[in-house]
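A short worksheet on the structure shown next.
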Amino acid sequence: MIQTRYPRPCPLPGHPQDEDEPALVTESAWSRLGAWHLQAPAERLPLPVIATAWPAGWVLHAAHVPGHVVTYAAVAAAVACWLTWHRYARSSPHQRLLPTEAALVAAAIGGWVAAAATWGPLGWPAHLLTWIYLAGSIGGYAWLRRHEAVRAARRRREDAADWTARKADWHRVAHLIGLGDFHLQKVTPTLLGEELLLTSAPGSDLASRVARNGDAIAEKYAHLEGLPYGRVDISTTEFPGQLIIGIRRLDPSVKGIVYHPLTTPWPSPEPSPYVDWFPAEATIRDPVPVGIIPETGEPMTVTLFDEIGARAIGVHGATGSGKSTLLNDVRERVTAMTDAALVQLNGAHMGDELTWEPLAAATACGPAASDEEVRDKILAVLEWAQQLVTERSATLAQTGHSVFQPTPDDPAYVLMADEVDEVVASVPGAGAILEFLASKQRKSAVCLILATQRATQKQTGGGMVRANLSQVVIGNTNRATESRHATGAEAEIPDISEYSRGRKGYFQIWDPQAKEITARGRTFLLGVPPDELAYCKRIVDARKGTRRVLPTVELAAHDRQERAPEPAAPGVSEMRARLAAARALSEKTPPAAVSPARLAAMRLPADIPAADAQALLALLGEPEGTSAGPAGAAIGKSKATAWRYLNMLREHGIAELVTAGRSSRYRLAGQPGPQSDPEAGQGPRSPEYLTIQALAEAVHAGLADADEATREVLEKVWEIEHRPARPHLTVVPPLPDETREGDAQ
């Protein structure tokens, strides 16, 4: 005996066995004929009218019914048809015959019957009324069959039949993939395939549990459909008991590269279908299209500012995933906004940032790990942003808005920081400021876009940064589980490599609050590879004359070293800055020259000019060595060039790295470091700091400035230092263990 799967009948129709049950016929033949006519009234009801019109005219003529009586009846029928079709036209959701068309058809039939009742259907010369009847029947029925309302009704009948067959076909395969308790409710076609909406039957498994373990089901369904891996997705909806199976019968890359509409010259003979998404002027309140969703053809957007304020967005992707392309798409829209300004940071390189620099309010980029000037600029921008958030929060009570409203005169700022991991690792204090901005920037109209290769807490700038991200845009990663870092291990985003098959430029947008993927697609490419930056530069050059002057951010990197910062500047140690200023005023010993014999024995790199090599060797010969800053000043080159020369000397074995970090220091290989002073009994004196007595001497002599409180303390130190009998502190050496044991006894 075959056991049925359902112990009781399922209330949802569509099972194959529903058609196998014998139908009980209890109606008469006339009732069934009426049902057959009413199933398609526009096509089937005219048939009995045509068949009975000629006999009715002959009967009325034979009965000598007056023609004017039939005419009155025909007029009444035409009026009734007009009223009936007019009433149904207002309430019917489907297209129908116009009331005028229905009234004219009724009037034509009634007029012919009235003529036939008067002269007879075979009357007039050559049976003219009969020929009119035949021509009118054939022509009228042909016109009715081609009417759009009749065609729409026919399509609805066909769709209903196809839908019944599709539901029955689903139940034939559903049990093979483990979804026998789920019923097909809707099929939505997409540009790449279709989406199936399923509803669970009473007593079936939970939809959320099925979605969490949907890989096996997706693989089975792809096997039945003959599709490759990654073409079937299973997800839940906002309602319990519902599942969505996304089927991509076409590869997402069938359209090839999706070029940005502002790519000039346009590389395709056909105009861009997405040009309306990129108006010449935009606002910070508009969503920023960064790509296209292949299934629907709609834009894939990120939101920088909404009704609750500015957003913090994380962008993650491995090298070569298209992360820089996506950031360029955002830069293009931000620089077109009339009430927004772009601020750029990069802790590793500078190509894209320098391209958009003419349209940006501030740009600080470069190798932060080796260039102190870059670190100072990045820190200055972050401190400025921190101060701006604080100042704007004070104006909210005056304006009455809970969120700062940007205007062209006081715009919103989009702080875009690429390679955030390098910024946090190389710039002291940057991590704390980024955490402050991520948690406080929303009400002050300061948007954050933090890009890095990994989504871990360390790479994104800290736990507070990751916890306050409003959107996460993640592309291809080298590890399938990398997406768990983006969600804080609370959920797992599906690996997009199954969707993109490893192709670059594909991203998905994760909403941390809703805990769902809101969009998935391919980014716009701003130009033909490998000349993307050249295309970006054309956009920048075209906007130079039309863009207003942006509020600039004063970096003041040199002033930070030469004078003390203002007391209110956050994140800066005043005493350390003053120590640096005093140290810069102290005299330095002239560098010692390298002996000619040793210089002749060295094999200098050919890429370093001889004069620059001699100057660098002289600096490296000092006991404390040198760093990129003094080396660049000595040879008249940038710090980046000096750092590159020093690394080349280190690779050739001429120089060696003494200290790494904020200020990498180099010296000659085999050169002894600063020796201890045997007479003083002290270690070597660090050249990076001054003693408090030397600082007191500098302030007392007027070589360094200080506020009143600091000056008062340093004057007391100077007085103690210059007293005739000043007290001396002596460090008492520790007693041997035996002596201490004897004293204890």
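As shown in the structure tokens, the chain order sets the letters A, B, ...; within each chain, residues go from 1, and ligands are also counted from 1 in the order they appear.
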
What's the 8 Å shell around Trp170 in chain A, counting only C-alpha atoms, without same-chain residues fewer than 3 positions away, as a VMD selection string? chain A and resid 166 to 167 173 to 174 183 to 184

Those residues you just picked out, can you put them in a file as a JSON list (two decimals), in the first residue's frame with all heavy atoms?
```
[["chain", "number", "residue", "atom", "x", "y", "z"],
["A", 166, "ARG", "N", 2.14, 24.63, -14.41],
["A", 166, "ARG", "CA", 3.43, 24.90, -13.75],
["A", 166, "ARG", "C", 3.39, 24.48, -12.29],
["A", 166, "ARG", "O", 4.36, 23.90, -11.77],
["A", 166, "ARG", "CB", 3.75, 26.39, -13.87],
["A", 166, "ARG", "CG", 5.07, 26.81, -13.22],
["A", 166, "ARG", "CD", 6.24, 26.20, -13.97],
["A", 166, "ARG", "NE", 7.51, 26.49, -13.34],
["A", 166, "ARG", "CZ", 8.23, 27.60, -13.57],
["A", 166, "ARG", "NH1", 7.79, 28.50, -14.44],
["A", 166, "ARG", "NH2", 9.38, 27.78, -12.97],
["A", 167, "LYS", "N", 2.28, 24.73, -11.61],
["A", 167, "LYS", "CA", 2.18, 24.33, -10.21],
["A", 167, "LYS", "C", 2.19, 22.81, -10.08],
["A", 167, "LYS", "O", 2.81, 22.25, -9.16],
["A", 167, "LYS", "CB", 0.90, 24.91, -9.61],
["A", 167, "LYS", "CG", 0.92, 26.42, -9.47],
["A", 167, "LYS", "CD", -0.35, 26.94, -8.87],
["A", 167, "LYS", "CE", -0.49, 26.52, -7.42],
["A", 167, "LYS", "NZ", -1.67, 27.14, -6.79],
["A", 173, "VAL", "N", 8.48, 17.70, -8.93],
["A", 173, "VAL", "CA", 9.93, 17.72, -8.68],
["A", 173, "VAL", "C", 10.27, 18.24, -7.28],
["A", 173, "VAL", "O", 11.42, 18.11, -6.86],
["A", 173, "VAL", "CB", 10.64, 18.60, -9.73],
["A", 173, "VAL", "CG1", 10.40, 18.07, -11.11],
["A", 173, "VAL", "CG2", 10.20, 20.06, -9.62],
["A", 174, "ALA", "N", 9.30, 18.83, -6.58],
["A", 174, "ALA", "CA", 9.61, 19.44, -5.29],
["A", 174, "ALA", "C", 10.11, 18.41, -4.29],
["A", 174, "ALA", "O", 11.04, 18.67, -3.51],
["A", 174, "ALA", "CB", 8.38, 20.17, -4.74],
["A", 183, "HIS", "N", 4.63, 25.11, -1.63],
["A", 183, "HIS", "CA", 3.78, 25.30, -2.80],
["A", 183, "HIS", "C", 4.25, 26.52, -3.59],
["A", 183, "HIS", "O", 4.65, 27.53, -3.00],
["A", 183, "HIS", "CB", 2.33, 25.48, -2.38],
["A", 183, "HIS", "CG", 1.73, 24.26, -1.75],
["A", 183, "HIS", "ND1", 0.88, 23.42, -2.41],
["A", 183, "HIS", "CD2", 1.90, 23.73, -0.51],
["A", 183, "HIS", "CE1", 0.54, 22.44, -1.60],
["A", 183, "HIS", "NE2", 1.14, 22.60, -0.44],
["A", 184, "LEU", "N", 4.19, 26.40, -4.88],
["A", 184, "LEU", "CA", 4.57, 27.50, -5.76],
["A", 184, "LEU", "C", 3.43, 28.52, -5.81],
["A", 184, "LEU", "O", 2.30, 28.19, -6.16],
["A", 184, "LEU", "CB", 4.85, 26.96, -7.16],
["A", 184, "LEU", "CG", 5.32, 27.97, -8.21],
["A", 184, "LEU", "CD1", 6.65, 28.58, -7.81],
["A", 184, "LEU", "CD2", 5.43, 27.30, -9.58]]
```

For range 410-497 of chain A against range 366-369 of chain A, with a cut-off of 10 Å and counting only C-alpha atoms, what is the closest atom pair and its distance in Å to one decimal for every residue that makes the cut, ordered by chain and number, as CSV?
```
residue,atom,partner,partner_atom,distance
A:Glu422,CA,A:Ala368,CA,7.0
A:Val423,CA,A:Ala368,CA,6.8
A:Val424,CA,A:Ala368,CA,9.7
A:Ala425,CA,A:Ala369,CA,8.0
A:Ser426,CA,A:Ala369,CA,5.1
A:Val427,CA,A:Ala368,CA,7.0
```

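Across the structure, CA of Asn328 in chain A and CA of Gly429 in chain A are spaced 27.5 Å apart.
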
Check which residues of range 296-348 of chain A sit at most 7 Å from range 436-456 of chain A using only C-alpha atoms, and return one row each with the closest pair of atoms and their distance in Å to one decimal, ordered by chain and rising number, as a Markdown table.
```
| residue | atom | partner | partner_atom | distance |
| --- | --- | --- | --- | --- |
| A:Leu304 | CA | A:Cys447 | CA | 6.2 |
| A:Gly309 | CA | A:Arg442 | CA | 4.9 |
| A:Ala310 | CA | A:Arg442 | CA | 4.5 |
| A:Arg311 | CA | A:Cys447 | CA | 5.4 |
| A:Ala312 | CA | A:Leu448 | CA | 4.6 |
| A:Ile313 | CA | A:Ile449 | CA | 4.8 |
| A:Gly314 | CA | A:Leu450 | CA | 5.0 |
| A:Val315 | CA | A:Ala451 | CA | 4.5 |
| A:His316 | CA | A:Gln453 | CA | 5.2 |
| A:Gly317 | CA | A:Gln453 | CA | 4.8 |
| A:Ala318 | CA | A:Gln453 | CA | 4.8 |
| A:Thr319 | CA | A:Gln453 | CA | 6.8 |
```

Put those residues in a file: N, CA, C and O atoms, as a compact mmCIF listing (two decimals), in the first residue's frame.
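Output file again_6.txt is given in full below:
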```
# COMPACT_ATOMS: atom_id res chain seq x y z
N LEU A 304 24.42 58.01 0.87
CA LEU A 304 25.35 58.81 1.66
C LEU A 304 24.65 59.63 2.73
O LEU A 304 25.24 59.90 3.79
N GLY A 309 20.37 61.34 8.75
CA GLY A 309 21.71 61.91 8.74
C GLY A 309 22.66 61.20 7.81
O GLY A 309 22.26 60.41 6.94
N ALA A 310 23.95 61.49 8.00
CA ALA A 310 25.00 60.93 7.15
C ALA A 310 25.20 59.45 7.47
O ALA A 310 24.93 58.99 8.58
N ARG A 311 25.71 58.73 6.49
CA ARG A 311 25.91 57.29 6.64
C ARG A 311 27.40 56.98 6.69
O ARG A 311 28.23 57.74 6.18
N ALA A 312 27.71 55.86 7.31
CA ALA A 312 29.07 55.33 7.34
C ALA A 312 29.07 54.04 6.54
O ALA A 312 28.30 53.11 6.84
N ILE A 313 29.91 53.98 5.53
CA ILE A 313 29.89 52.87 4.57
C ILE A 313 31.26 52.20 4.55
O ILE A 313 32.29 52.88 4.48
N GLY A 314 31.26 50.90 4.63
CA GLY A 314 32.49 50.13 4.50
C GLY A 314 32.56 49.46 3.14
O GLY A 314 31.58 48.89 2.66
N VAL A 315 33.72 49.54 2.50
CA VAL A 315 33.94 48.93 1.18
C VAL A 315 35.10 47.95 1.32
O VAL A 315 36.21 48.35 1.68
N HIS A 316 34.84 46.67 1.06
CA HIS A 316 35.83 45.63 1.25
C HIS A 316 35.96 44.81 -0.02
O HIS A 316 34.96 44.48 -0.66
N GLY A 317 37.17 44.46 -0.34
CA GLY A 317 37.43 43.63 -1.51
C GLY A 317 38.92 43.36 -1.63
O GLY A 317 39.75 44.22 -1.30
N ALA A 318 39.24 42.19 -2.11
CA ALA A 318 40.64 41.83 -2.28
C ALA A 318 41.27 42.63 -3.42
O ALA A 318 40.57 43.32 -4.19
N THR A 319 42.57 42.53 -3.54
CA THR A 319 43.27 43.21 -4.61
C THR A 319 42.78 42.72 -5.97
O THR A 319 42.71 41.52 -6.22
```
